[in-house]
>>> print(open('protein-v4.txt').read())   # compact mmCIF, C-alpha atoms
# COMPACT_ATOMS: atom_id res chain seq x y z
CA MET A 1 11.43 31.90 77.67
CA SER A 2 9.06 31.33 74.75
CA ALA A 3 8.92 27.97 73.01
CA ILE A 4 10.74 27.86 69.69
CA ARG A 5 8.19 27.88 66.88
CA LEU A 6 10.56 28.44 63.95
CA SER A 7 14.12 27.26 63.38
CA VAL A 8 16.04 28.92 60.57
CA CYS A 9 18.38 26.15 59.38
CA ILE A 10 21.49 27.22 57.47
CA PRO A 11 23.84 24.50 56.20
CA THR A 12 27.04 26.10 54.99
CA TYR A 13 30.55 25.46 53.74
CA ASN A 14 33.19 28.16 53.23
CA PHE A 15 30.67 31.00 53.03
CA GLY A 16 32.26 33.15 55.73
CA ARG A 17 32.33 36.04 53.27
CA PHE A 18 28.54 36.06 53.06
CA ILE A 19 27.02 34.46 56.13
CA GLY A 20 27.43 37.46 58.41
CA ASP A 21 25.12 39.62 56.28
CA THR A 22 22.69 36.70 55.98
CA LEU A 23 22.52 36.32 59.75
CA ASP A 24 22.09 40.05 60.25
CA THR A 25 18.91 40.03 58.14
CA PHE A 26 17.44 37.40 60.47
CA ILE A 27 18.68 38.83 63.76
CA SER A 28 17.15 42.23 63.03
CA GLN A 29 13.70 40.59 62.80
CA ALA A 30 13.88 37.62 65.16
CA THR A 31 11.61 37.22 68.18
CA ASP A 32 11.82 34.88 71.18
CA GLU A 33 9.97 32.27 69.11
CA VAL A 34 12.84 31.99 66.62
CA GLU A 35 16.18 30.26 66.70
CA ILE A 36 18.91 30.27 64.05
CA LEU A 37 20.94 27.12 63.55
CA VAL A 38 24.10 27.07 61.45
CA VAL A 39 25.51 23.66 60.52
CA ASP A 40 29.03 24.10 59.20
CA GLY A 41 30.37 21.32 57.00
CA ALA A 42 33.96 21.76 58.27
CA SER A 43 34.62 25.10 56.56
CA MET A 44 38.25 26.10 56.09
CA ASP A 45 37.57 29.84 56.05
CA ASN A 46 36.40 32.26 58.78
CA THR A 47 32.79 30.97 58.93
CA GLU A 48 32.99 30.01 62.60
CA GLU A 49 34.48 33.35 63.62
CA VAL A 50 31.76 35.27 61.79
CA VAL A 51 28.96 33.19 63.31
CA ARG A 52 30.40 33.38 66.82
CA SER A 53 30.53 37.18 66.58
CA ARG A 54 26.77 37.23 65.96
CA GLN A 55 26.04 35.00 68.93
CA GLU A 56 26.92 37.88 71.23
CA ARG A 57 23.95 39.80 69.84
CA PHE A 58 21.58 36.87 69.44
CA PRO A 59 21.89 34.07 72.02
CA ARG A 60 19.44 31.83 70.13
CA LEU A 61 21.97 31.52 67.33
CA ARG A 62 23.43 28.02 67.55
CA TYR A 63 26.56 26.88 65.73
CA HIS A 64 27.31 23.23 65.05
CA ARG A 65 30.55 22.32 63.28
CA LEU A 66 30.83 18.94 61.60
CA GLU A 67 34.07 16.99 61.64
CA MET A 68 34.07 16.70 57.86
CA LYS A 69 32.19 17.96 54.84
CA GLY A 70 29.16 15.78 54.26
CA GLY A 71 27.66 17.49 51.22
CA ILE A 72 24.54 19.63 51.00
CA ASP A 73 22.10 16.72 51.39
CA ARG A 74 23.56 15.41 54.63
CA ASP A 75 24.35 18.84 56.04
CA MET A 76 20.81 20.05 55.36
CA ALA A 77 19.35 16.94 56.99
CA LYS A 78 21.61 17.45 60.01
CA SER A 79 20.47 21.04 60.40
CA VAL A 80 16.82 19.96 60.56
CA GLU A 81 17.66 17.07 62.90
CA LEU A 82 19.18 19.52 65.39
CA ALA A 83 16.39 22.08 65.08
CA ARG A 84 14.08 22.62 68.07
CA GLY A 85 11.33 24.54 66.31
CA GLU A 86 7.91 23.33 65.28
CA TYR A 87 8.77 24.55 61.78
CA VAL A 88 12.06 24.86 59.95
CA TRP A 89 12.96 27.42 57.32
CA LEU A 90 15.79 26.08 55.20
CA PHE A 91 18.07 28.90 54.12
CA SER A 92 21.17 29.42 52.01
CA ALA A 93 24.13 31.06 53.69
CA ASP A 94 24.40 33.82 51.10
CA ASP A 95 20.75 34.84 50.71
CA TRP A 96 19.02 37.60 52.68
CA MET A 97 15.67 37.58 54.41
CA ALA A 98 13.37 40.31 53.13
CA GLU A 99 12.20 42.97 55.55
CA GLY A 100 9.07 41.87 57.42
CA ALA A 101 9.26 38.32 56.10
CA LEU A 102 9.87 36.67 59.46
CA LYS A 103 6.78 38.25 61.02
CA THR A 104 4.64 37.05 58.11
CA VAL A 105 5.98 33.51 58.27
CA LEU A 106 5.35 33.33 62.03
CA GLU A 107 1.76 34.35 61.39
CA GLU A 108 1.35 31.86 58.54
CA ILE A 109 2.59 28.81 60.42
CA ARG A 110 -0.18 29.28 62.97
CA LEU A 111 -2.40 27.69 60.32
CA GLY A 112 -0.53 24.44 60.83
CA LEU A 113 -0.04 23.50 57.18
CA ASP A 114 2.77 21.17 56.16
CA LEU A 115 4.75 23.34 53.78
CA TYR A 116 4.93 27.01 52.80
CA LEU A 117 6.41 27.83 49.41
CA CYS A 118 7.80 31.37 49.59
CA GLY A 119 8.42 33.76 46.74
CA PHE A 120 11.67 35.68 46.29
CA THR A 121 13.51 38.28 44.27
CA LEU A 122 16.64 37.56 42.28
CA CYS A 123 19.57 39.89 42.86
CA ASP A 124 22.96 40.41 41.29
CA PHE A 125 26.09 39.34 43.12
CA GLU A 126 26.13 42.60 45.07
CA MET A 127 22.50 41.98 46.16
CA HIS A 128 20.89 44.68 44.03
CA PRO A 129 17.35 43.45 43.23
CA GLN A 130 16.85 42.48 39.58
CA LYS A 131 13.50 40.70 39.11
CA ARG A 132 10.92 38.50 40.80
CA HIS A 133 11.45 34.80 40.34
CA PRO A 134 8.44 32.98 38.83
CA ILE A 135 7.26 29.92 40.74
CA LEU A 136 3.55 29.17 40.26
CA ASP A 137 0.87 30.57 38.02
CA ALA A 138 -1.46 30.75 41.01
CA PRO A 139 -2.95 33.43 43.28
CA ASP A 140 -1.15 34.36 46.45
CA GLY A 141 -2.30 32.21 49.35
CA SER A 142 -3.39 29.26 47.19
CA VAL A 143 -3.46 25.99 49.15
CA TYR A 144 -3.02 22.55 47.63
CA ASN A 145 -3.21 19.10 49.19
CA LEU A 146 -0.79 17.19 46.99
CA GLY A 147 -2.16 13.92 48.29
CA ASP A 148 -5.37 14.66 46.40
CA PRO A 149 -4.96 13.78 42.68
CA ARG A 150 -6.99 16.76 41.47
CA ASP A 151 -5.12 19.24 43.67
CA ARG A 152 -1.81 17.69 42.69
CA GLY A 153 -2.68 17.89 39.01
CA SER A 154 -3.56 21.57 39.31
CA PHE A 155 -0.42 22.33 41.29
CA PHE A 156 1.92 20.62 38.82
CA GLU A 157 0.15 22.17 35.86
CA ARG A 158 0.67 25.64 37.34
CA GLY A 159 4.40 25.14 37.95
CA LEU A 160 6.61 27.65 36.13
CA THR A 161 10.05 26.68 37.42
CA THR A 162 11.50 23.80 39.42
CA THR A 163 11.15 26.04 42.46
CA ALA A 164 7.48 25.03 42.35
CA PHE A 165 8.72 21.47 42.85
CA PHE A 166 10.84 22.42 45.87
CA SER A 167 14.27 22.79 44.24
CA PHE A 168 15.28 26.01 46.04
CA MET A 169 15.68 25.34 49.73
CA SER A 170 15.46 28.99 50.86
CA SER A 171 11.86 29.13 49.66
CA LEU A 172 10.76 26.24 51.90
CA VAL A 173 9.23 26.47 55.38
CA ILE A 174 8.39 22.95 56.55
CA ARG A 175 6.65 21.47 59.57
CA LYS A 176 9.48 19.54 61.23
CA GLU A 177 7.27 16.64 62.27
CA LYS A 178 6.32 16.12 58.63
CA TRP A 179 9.94 16.26 57.47
CA ASP A 180 10.95 13.73 60.13
CA CYS A 181 8.20 11.34 58.99
CA ALA A 182 9.75 11.12 55.53
CA GLY A 183 13.13 9.99 56.84
CA MET A 184 16.37 9.92 54.87
CA ASP A 185 16.74 7.52 51.97
CA ASP A 186 20.29 7.18 50.69
CA THR A 187 18.94 6.78 47.15
CA PHE A 188 19.09 10.53 46.53
CA VAL A 189 21.84 11.52 48.95
CA GLY A 190 24.63 13.12 46.94
CA SER A 191 22.32 14.28 44.16
CA CYS A 192 21.60 17.70 45.76
CA TRP A 193 17.91 16.74 45.72
CA ASP A 194 17.42 14.61 48.82
CA HIS A 195 15.22 17.34 50.31
CA VAL A 196 12.98 17.18 47.22
CA ALA A 197 12.83 13.39 47.44
CA ARG A 198 11.74 13.68 51.08
CA LEU A 199 8.87 15.98 50.18
CA PHE A 200 7.82 13.92 47.16
CA ARG A 201 7.84 10.85 49.42
CA LEU A 202 5.22 12.53 51.62
CA ILE A 203 2.77 13.25 48.81
CA PRO A 204 0.80 9.96 48.82
CA GLY A 205 -0.05 10.43 52.51
CA GLY A 206 -1.00 14.06 52.04
CA LEU A 207 1.14 17.20 51.86
CA LYS A 208 -0.66 20.52 52.33
CA VAL A 209 1.22 23.33 50.60
CA LYS A 210 0.48 27.05 50.73
CA TYR A 211 1.94 29.35 48.10
CA LEU A 212 3.13 32.73 49.38
CA SER A 213 3.90 34.80 46.31
CA GLY A 214 5.43 37.87 47.96
CA THR A 215 9.13 38.54 48.34
CA PHE A 216 10.29 36.69 51.43
CA LEU A 217 13.99 36.66 50.60
CA LEU A 218 16.61 38.04 48.26
CA LYS A 219 18.61 35.45 46.34
CA ARG A 220 22.21 36.20 45.43
CA ASP A 221 22.97 35.40 41.80
CA ASP A 222 26.24 34.24 40.22
CA ASN A 223 27.42 32.57 43.43
CA ASP A 224 26.77 28.93 42.66
CA SER A 225 28.86 26.59 44.79
CA PHE A 226 27.90 23.63 42.57
CA SER A 227 29.67 24.91 39.43
CA GLU A 228 33.13 23.65 40.30
CA ARG A 229 33.00 20.92 37.62
CA GLY A 230 31.93 23.27 34.87
CA ILE A 231 28.71 24.68 33.51
CA ALA A 232 27.60 21.52 31.68
CA ARG A 233 27.93 19.41 34.82
CA ARG A 234 26.08 22.08 36.80
CA VAL A 235 23.19 21.97 34.37
CA GLY A 236 23.30 18.18 34.60
CA ILE A 237 22.53 18.34 38.32
CA ALA A 238 19.14 19.86 37.51
CA ILE A 239 18.25 18.02 34.31
CA GLU A 240 19.40 14.57 35.35
CA GLY A 241 18.26 15.03 38.93
CA TYR A 242 14.71 16.08 38.13
CA HIS A 243 14.26 13.44 35.43
CA ARG A 244 15.30 10.88 38.00
CA LEU A 245 12.95 12.32 40.66
CA ALA A 246 10.02 12.43 38.23
CA ASN A 247 10.51 8.83 37.13
CA ALA A 248 11.08 7.48 40.63
CA PHE A 249 8.09 9.10 42.33
CA PHE A 250 5.51 9.52 39.58
CA GLY A 251 6.51 7.32 36.66
CA LYS A 252 7.96 8.40 33.31
CA GLY A 253 4.57 8.59 31.58
CA SER A 254 2.72 10.39 34.38
CA ALA A 255 1.23 13.88 34.10
CA GLU A 256 3.49 14.98 36.97
CA ALA A 257 6.60 13.81 35.14
CA ARG A 258 5.49 15.56 31.95
CA HIS A 259 5.05 18.82 33.84
CA ILE A 260 8.45 18.45 35.46
CA ARG A 261 9.99 17.97 32.00
CA ARG A 262 8.02 20.97 30.71
CA VAL A 263 9.35 23.15 33.50
CA LEU A 264 12.92 22.02 32.85
CA LYS A 265 12.52 23.09 29.22
CA ASN A 266 11.23 26.45 30.46
CA GLU A 267 14.29 26.89 32.65
CA TYR A 268 16.73 25.80 29.94
CA PRO A 269 15.43 27.25 26.66
CA LEU A 270 17.39 26.92 23.44
CA LEU A 271 19.05 30.30 23.88
CA ASN A 272 20.38 29.20 27.25
CA LEU A 273 21.56 25.85 25.86
CA LEU A 274 23.46 27.54 23.03
CA TYR A 275 25.15 29.77 25.60
CA ILE A 276 26.13 26.68 27.60
CA LYS A 277 27.41 25.05 24.40
CA SER A 278 29.51 28.13 23.75
CA LYS A 279 31.06 28.07 27.23
CA THR A 280 31.60 24.31 27.10
CA SER A 281 33.27 24.48 23.68
CA GLU A 282 35.83 26.87 25.16
CA SER A 283 37.03 24.11 27.48
CA GLY A 284 38.32 22.13 24.52
CA ARG A 285 37.12 18.87 26.09
CA PRO A 286 35.18 16.61 23.70
CA ASP A 287 33.88 14.54 26.64
CA GLU A 288 32.15 17.62 28.09
CA MET A 289 30.55 18.43 24.74
CA GLU A 290 29.38 14.85 24.44
CA TYR A 291 27.95 14.98 27.95
CA LEU A 292 26.11 18.23 27.19
CA ASP A 293 24.68 16.78 23.97
CA GLY A 294 23.30 13.85 25.98
CA LEU A 295 21.71 16.24 28.48
CA VAL A 296 19.98 18.20 25.73
CA ALA A 297 18.74 14.97 24.14
CA LYS A 298 17.28 13.98 27.51
CA LEU A 299 15.66 17.39 27.89
CA TYR A 300 13.89 16.98 24.55
CA ARG A 301 13.14 13.29 24.91
CA ASP A 302 9.36 13.71 24.54
CA GLY A 303 9.89 13.83 20.79
CA ARG A 304 7.37 16.51 19.95
CA PRO A 305 8.04 18.36 16.67
CA ALA A 306 9.16 21.49 18.53
CA ASP A 307 11.49 19.41 20.69
CA ARG A 308 13.01 17.65 17.69
CA LEU A 309 13.55 21.01 15.98
CA ARG A 310 15.26 22.51 19.04
CA LEU A 311 17.52 19.50 19.40
CA LEU A 312 18.46 19.73 15.72
CA LEU A 313 19.20 23.45 16.00
CA PHE A 314 21.31 22.86 19.08
CA ARG A 315 23.37 20.21 17.35
CA LEU A 316 23.77 22.06 14.04
CA ALA A 317 24.55 25.50 15.47
CA PRO A 318 28.07 26.33 14.24
CA PRO A 319 30.64 27.87 16.57
CA ILE A 320 30.26 31.22 14.79
CA ALA A 321 26.63 31.37 15.92
CA LEU A 322 27.40 30.72 19.57
CA ARG A 323 28.92 34.10 20.39
CA PRO A 324 25.79 36.05 19.40
CA ALA A 325 23.74 33.49 21.34
CA GLU A 326 25.85 34.16 24.42
CA LYS A 327 25.25 37.91 24.15
CA ALA A 328 21.54 37.40 23.55
CA TYR A 329 21.30 35.07 26.53
CA LYS A 330 22.98 37.54 28.87
CA PHE A 331 20.59 40.26 27.70
CA ALA A 332 17.48 38.06 27.98
CA ARG A 333 18.50 36.86 31.42
CA LYS A 334 17.72 40.31 32.79
CA PHE A 335 14.06 39.92 31.90
CA LEU A 336 13.24 36.21 31.63
CA PRO A 337 13.29 33.36 34.22
CA LEU A 338 16.56 31.98 32.88
CA PRO A 339 19.12 30.26 35.13
>>> encode(input="protein-v4.txt", output="structure tokens")
Amino acid sequence: MSAIRLSVCIPTYNFGRFIGDTLDTFISQATDEVEILVVDGASMDNTEEVVRSRQERFPRLRYHRLEMKGGIDRDMAKSVELARGEYVWLFSADDWMAEGALKTVLEEIRLGLDLYLCGFTLCDFEMHPQKRHPILDAPDGSVYNLGDPRDRGSFFERGLTTTAFFSFMSSLVIRKEKWDCAGMDDTFVGSCWDHVARLFRLIPGGLKVKYLSGTFLLKRDDNDSFSERGIARRVGIAIEGYHRLANAFFGKGSAEARHIRRVLKNEYPLLNLLYIKSKTSESGRPDEMEYLDGLVAKLYRDGRPADRLRLLLFRLAPPIALRPAEKAYKFARKFLPLP
């Protein structure tokens, strides 16, 4: 039996409706060098039944059920801990691997780099491809050593979305030994960004990243399991989380932190924020509107004239203007890198 070179690690909770199709896209491409590991955070649906049915066709599919839900940070960490491969590909339980992607990744990891940042295509809920997701303004195959200040500066400057800064786990293929060196720090556990904190923690000692711009997976849209507390709180996970990461690892006034804030403003433009304001106003909860206002103030905290103008427009926009903004946002979302 061949040694396991790549472990596909899938933390999941109550995604039995989707995980079968996800597994099928891996199984159809997997070789003897690949294992698939599902870590189930005590799902209450048919997740286990679906996974077990695939084990009959693919013996290197392992299923590990946790006694209780630990949250995405702990469940993701557990999946990597149990992995036997030299590399791990973190993967969401409702995304699909693109055809031919596994073969390409197996070839790439022979280079022995620390991290591969993989491109992907956004799909609608029914998995019909919609558009490529922007990550880096860089040529395919670009390699950066983030431990080198000049390389790091170029990498952060070229970032287009927070995916460039490791937000989307399905785009990450990581050398397990490197991941293990970072260790878990409870500081960011529960934030949804512990995996980002791990990778940022590795940067001073050197982190070699290769950007693979092709489509390596298909990402299902409108299936966000973190939206249970409402759209404003969901947006807060990203805005508050990445401000905190930037300040903790690079310092508020650093070039890296400024680029992280720039990318957040790219991902949440004014049109998007007005749409969120519209949806939040429908809840009739003043505390949620106050929370959203604080988020937008944080987003535009750099105080540049354009930022001050956007914040003013957000705050002054009357309810009558929000409905057209919602329609415009939904139209623009088809063409622009909007969340």
>>> residues_around(input="protein-v4.txt", residues="Val235 of chain A", least_positions_apart="2", cutoff="12 Å", atoms="only C-alpha atoms", output="mmCIF file with C-alpha atoms, keeping the file's coordinate frame")
data_model
loop_
_atom_site.group_PDB
_atom_site.id
_atom_site.type_symbol
_atom_site.label_atom_id
_atom_site.label_comp_id
_atom_site.auth_asym_id
_atom_site.auth_seq_id
_atom_site.Cartn_x
_atom_site.Cartn_y
_atom_site.Cartn_z
ATOM 1 C CA ASP A 224 26.770 28.930 42.660
ATOM 2 C CA PHE A 226 27.900 23.630 42.570
ATOM 3 C CA SER A 227 29.670 24.910 39.430
ATOM 4 C CA GLU A 228 33.130 23.650 40.300
ATOM 5 C CA ARG A 229 33.000 20.920 37.620
ATOM 6 C CA GLY A 230 31.930 23.270 34.870
ATOM 7 C CA ILE A 231 28.710 24.680 33.510
ATOM 8 C CA ALA A 232 27.600 21.520 31.680
ATOM 9 C CA ARG A 233 27.930 19.410 34.820
ATOM 10 C CA ILE A 237 22.530 18.340 38.320
ATOM 11 C CA ALA A 238 19.140 19.860 37.510
ATOM 12 C CA ILE A 239 18.250 18.020 34.310
ATOM 13 C CA GLU A 240 19.400 14.570 35.350
ATOM 14 C CA GLY A 241 18.260 15.030 38.930
ATOM 15 C CA TYR A 242 14.710 16.080 38.130
ATOM 16 C CA LEU A 264 12.920 22.020 32.850
ATOM 17 C CA LYS A 265 12.520 23.090 29.220
ATOM 18 C CA GLU A 267 14.290 26.890 32.650
ATOM 19 C CA TYR A 268 16.730 25.800 29.940
ATOM 20 C CA ASN A 272 20.380 29.200 27.250
ATOM 21 C CA LEU A 273 21.560 25.850 25.860
ATOM 22 C CA TYR A 275 25.150 29.770 25.600
ATOM 23 C CA ILE A 276 26.130 26.680 27.600
ATOM 24 C CA LYS A 277 27.410 25.050 24.400
ATOM 25 C CA THR A 280 31.600 24.310 27.100
ATOM 26 C CA GLU A 288 32.150 17.620 28.090
ATOM 27 C CA TYR A 291 27.950 14.980 27.950
ATOM 28 C CA LEU A 292 26.110 18.230 27.190
ATOM 29 C CA ASP A 293 24.680 16.780 23.970
ATOM 30 C CA GLY A 294 23.300 13.850 25.980
ATOM 31 C CA LEU A 295 21.710 16.240 28.480
ATOM 32 C CA VAL A 296 19.980 18.200 25.730
ATOM 33 C CA LEU A 299 15.660 17.390 27.890
ATOM 34 C CA PRO A 339 19.120 30.260 35.130
#
>>> atom_distance(input="protein-v4.txt", atom1="atom CA of Asp24 of chain A", atom2="atom CA of His128 of chain A")
16.9 Å
>>> residues_near_point(input="protein-v4.txt", point="(15.1, 12.8, 40.2)", cutoff="10 Å", atoms="all atoms listed in the file", output="PDB file with C-alpha atoms, in the frame of the given file")
ATOM      1  CA  THR A 187      18.940   6.780  47.150  1.00  0.00           C
ATOM      2  CA  PHE A 188      19.090  10.530  46.530  1.00  0.00           C
ATOM      3  CA  SER A 191      22.320  14.280  44.160  1.00  0.00           C
ATOM      4  CA  CYS A 192      21.600  17.700  45.760  1.00  0.00           C
ATOM      5  CA  TRP A 193      17.910  16.740  45.720  1.00  0.00           C
ATOM      6  CA  ASP A 194      17.420  14.610  48.820  1.00  0.00           C
ATOM      7  CA  VAL A 196      12.980  17.180  47.220  1.00  0.00           C
ATOM      8  CA  ALA A 197      12.830  13.390  47.440  1.00  0.00           C
ATOM      9  CA  ILE A 237      22.530  18.340  38.320  1.00  0.00           C
ATOM     10  CA  ALA A 238      19.140  19.860  37.510  1.00  0.00           C
ATOM     11  CA  ILE A 239      18.250  18.020  34.310  1.00  0.00           C
ATOM     12  CA  GLU A 240      19.400  14.570  35.350  1.00  0.00           C
ATOM     13  CA  GLY A 241      18.260  15.030  38.930  1.00  0.00           C
ATOM     14  CA  TYR A 242      14.710  16.080  38.130  1.00  0.00           C
ATOM     15  CA  HIS A 243      14.260  13.440  35.430  1.00  0.00           C
ATOM     16  CA  ARG A 244      15.300  10.880  38.000  1.00  0.00           C
ATOM     17  CA  LEU A 245      12.950  12.320  40.660  1.00  0.00           C
ATOM     18  CA  ALA A 246      10.020  12.430  38.230  1.00  0.00           C
ATOM     19  CA  ASN A 247      10.510   8.830  37.130  1.00  0.00           C
ATOM     20  CA  ALA A 248      11.080   7.480  40.630  1.00  0.00           C
ATOM     21  CA  PHE A 249       8.090   9.100  42.330  1.00  0.00           C
ATOM     22  CA  ALA A 257       6.600  13.810  35.140  1.00  0.00           C
ATOM     23  CA  ILE A 260       8.450  18.450  35.460  1.00  0.00           C
TER      24      ILE A 260
END
>>> atom_distance(input="protein-v4.txt", atom1="atom CA of Phe91 of chain A", atom2="atom CA of Glu157 of chain A")
26.5 Å
>>> atom_distance(input="protein-v4.txt", atom1="atom CA of Pro59 of chain A", atom2="atom CA of Glu35 of chain A")
8.7 Å
>>> closest_residue(input="protein-v4.txt", among="A:Arg262, A:Lys210, A:Arg158, A:Arg17", to="Cys118 of chain A", atoms="all atoms listed in the file")
A:Lys210
>>> residues_around(input="protein-v4.txt", residues="Asp75 of chain A", least_positions_apart="3", cutoff="8 Å", atoms="only C-alpha atoms", output="MDAnalysis selection string")
chainID A and resid 11:12 39:41 69:72 78:79
>>> write_last_selection(input="protein-v4.txt", atoms="C-alpha atoms", output="PDB file, in the frame of the given file")
ATOM      1  CA  PRO A  11      23.840  24.500  56.200  1.00  0.00           C
ATOM      2  CA  THR A  12      27.040  26.100  54.990  1.00  0.00           C
ATOM      3  CA  VAL A  39      25.510  23.660  60.520  1.00  0.00           C
ATOM      4  CA  ASP A  40      29.030  24.100  59.200  1.00  0.00           C
ATOM      5  CA  GLY A  41      30.370  21.320  57.000  1.00  0.00           C
ATOM      6  CA  LYS A  69      32.190  17.960  54.840  1.00  0.00           C
ATOM      7  CA  GLY A  70      29.160  15.780  54.260  1.00  0.00           C
ATOM      8  CA  GLY A  71      27.660  17.490  51.220  1.00  0.00           C
ATOM      9  CA  ILE A  72      24.540  19.630  51.000  1.00  0.00           C
ATOM     10  CA  LYS A  78      21.610  17.450  60.010  1.00  0.00           C
ATOM     11  CA  SER A  79      20.470  21.040  60.400  1.00  0.00           C
TER      12      SER A  79
END
>>> residues_around(input="protein-v4.txt", residues="Gly141 of chain A", least_positions_apart="6", cutoff="12 Å", atoms="all atoms listed in the file", output="list in words")
Glu108, Leu111, Leu113, Tyr116, Leu117, Cys118, Gly119, Val209, Lys210, Tyr211, Leu212, Ser213 and Gly214 of chain A
>>> closest_residue(input="protein-v4.txt", among="A:Ile19, A:Ala255, A:Ala297, A:Val80", to="Gly236 of chain A", atoms="all atoms listed in the file")
A:Ala297
>>> closest_atom_pairs(input="protein-v4.txt", of="segment 23-113 of chain A", to="segment 159-183 of chain A", cutoff="7 Å", atoms="all atoms listed in the file", output="tab-separated table")
residue	atom	partner	partner_atom	distance
A:Glu86	CA	A:Lys176	CA	5.8
A:Tyr87	CA	A:Arg175	CA	4.3
A:Val88	CA	A:Ile174	CA	5.4
A:Trp89	CA	A:Val173	CA	4.3
A:Leu90	CA	A:Ser170	CA	5.2
A:Phe91	CA	A:Ser170	CA	4.2
A:Ser92	CA	A:Ser170	CA	5.8
>>> residues_around(input="protein-v4.txt", residues="Asn14 of chain A", least_positions_apart="5", cutoff="8 Å", atoms="all atoms listed in the file", output="list in words")
Ser43, Met44, Asp45, Asn46 and Thr47 of chain A
>>> write_last_selection(input="protein-v4.txt", atoms="C-alpha atoms", output="PDB file, in the coordinates of the input")
ATOM      1  CA  SER A  43      34.620  25.100  56.560  1.00  0.00           C
ATOM      2  CA  MET A  44      38.250  26.100  56.090  1.00  0.00           C
ATOM      3  CA  ASP A  45      37.570  29.840  56.050  1.00  0.00           C
ATOM      4  CA  ASN A  46      36.400  32.260  58.780  1.00  0.00           C
ATOM      5  CA  THR A  47      32.790  30.970  58.930  1.00  0.00           C
TER       6      THR A  47
END
>>> axis_aligned_box(input="protein-v4.txt", around="segment 177-191 of chain A", padding_each_side="3 Å", output="JSON")
{"center_x": 15.5, "center_y": 11.7, "center_z": 53.2, "size_x": 24.3, "size_y": 15.9, "size_z": 24.1}
>>> closest_residue(input="protein-v4.txt", among="A:Gly100, A:Pro204, A:Pro134, A:Gly190", to="Ala77 of chain A", atoms="only C-alpha atoms")
A:Gly190
>>> build_atoms(input="protein-v4.txt", residues="segment 34-45 of chain A", atoms="N, CA, C and O atoms", output="short mmCIF file (atom, residue, chain, number, x, y, z; two decimals), keeping the file's coordinate frame")
data_model
loop_
_atom_site.label_atom_id
_atom_site.label_comp_id
_atom_site.auth_asym_id
_atom_site.auth_seq_id
_atom_site.Cartn_x
_atom_site.Cartn_y
_atom_site.Cartn_z
N VAL A 34 11.98 32.38 67.74
CA VAL A 34 12.84 31.99 66.62
C VAL A 34 14.23 31.63 67.10
O VAL A 34 14.80 32.31 67.96
N GLU A 35 14.77 30.57 66.53
CA GLU A 35 16.18 30.26 66.70
C GLU A 35 16.83 30.17 65.32
O GLU A 35 16.15 29.92 64.31
N ILE A 36 18.12 30.41 65.28
CA ILE A 36 18.91 30.27 64.05
C ILE A 36 19.95 29.19 64.30
O ILE A 36 20.66 29.22 65.32
N LEU A 37 20.02 28.24 63.40
CA LEU A 37 20.94 27.12 63.55
C LEU A 37 21.83 27.03 62.33
O LEU A 37 21.35 26.84 61.21
N VAL A 38 23.12 27.19 62.53
CA VAL A 38 24.10 27.07 61.45
C VAL A 38 24.81 25.73 61.59
O VAL A 38 25.41 25.44 62.64
N VAL A 39 24.76 24.92 60.56
CA VAL A 39 25.51 23.66 60.52
C VAL A 39 26.63 23.84 59.51
O VAL A 39 26.39 24.01 58.31
N ASP A 40 27.84 23.81 60.00
CA ASP A 40 29.03 24.10 59.20
C ASP A 40 29.71 22.79 58.80
O ASP A 40 30.16 22.03 59.65
N GLY A 41 29.76 22.55 57.51
CA GLY A 41 30.37 21.32 57.00
C GLY A 41 31.88 21.38 56.97
O GLY A 41 32.49 21.12 55.93
N ALA A 42 32.49 21.72 58.13
CA ALA A 42 33.96 21.76 58.27
C ALA A 42 34.60 22.80 57.35
O ALA A 42 35.57 22.52 56.64
N SER A 43 34.07 24.01 57.38
CA SER A 43 34.62 25.10 56.56
C SER A 43 36.08 25.35 56.91
O SER A 43 36.52 25.19 58.06
N MET A 44 36.83 25.78 55.90
CA MET A 44 38.25 26.10 56.09
C MET A 44 38.50 27.60 56.05
O MET A 44 39.66 28.03 56.02
N ASP A 45 37.40 28.40 56.04
CA ASP A 45 37.57 29.84 56.05
C ASP A 45 37.18 30.39 57.43
O ASP A 45 37.27 29.68 58.44
#
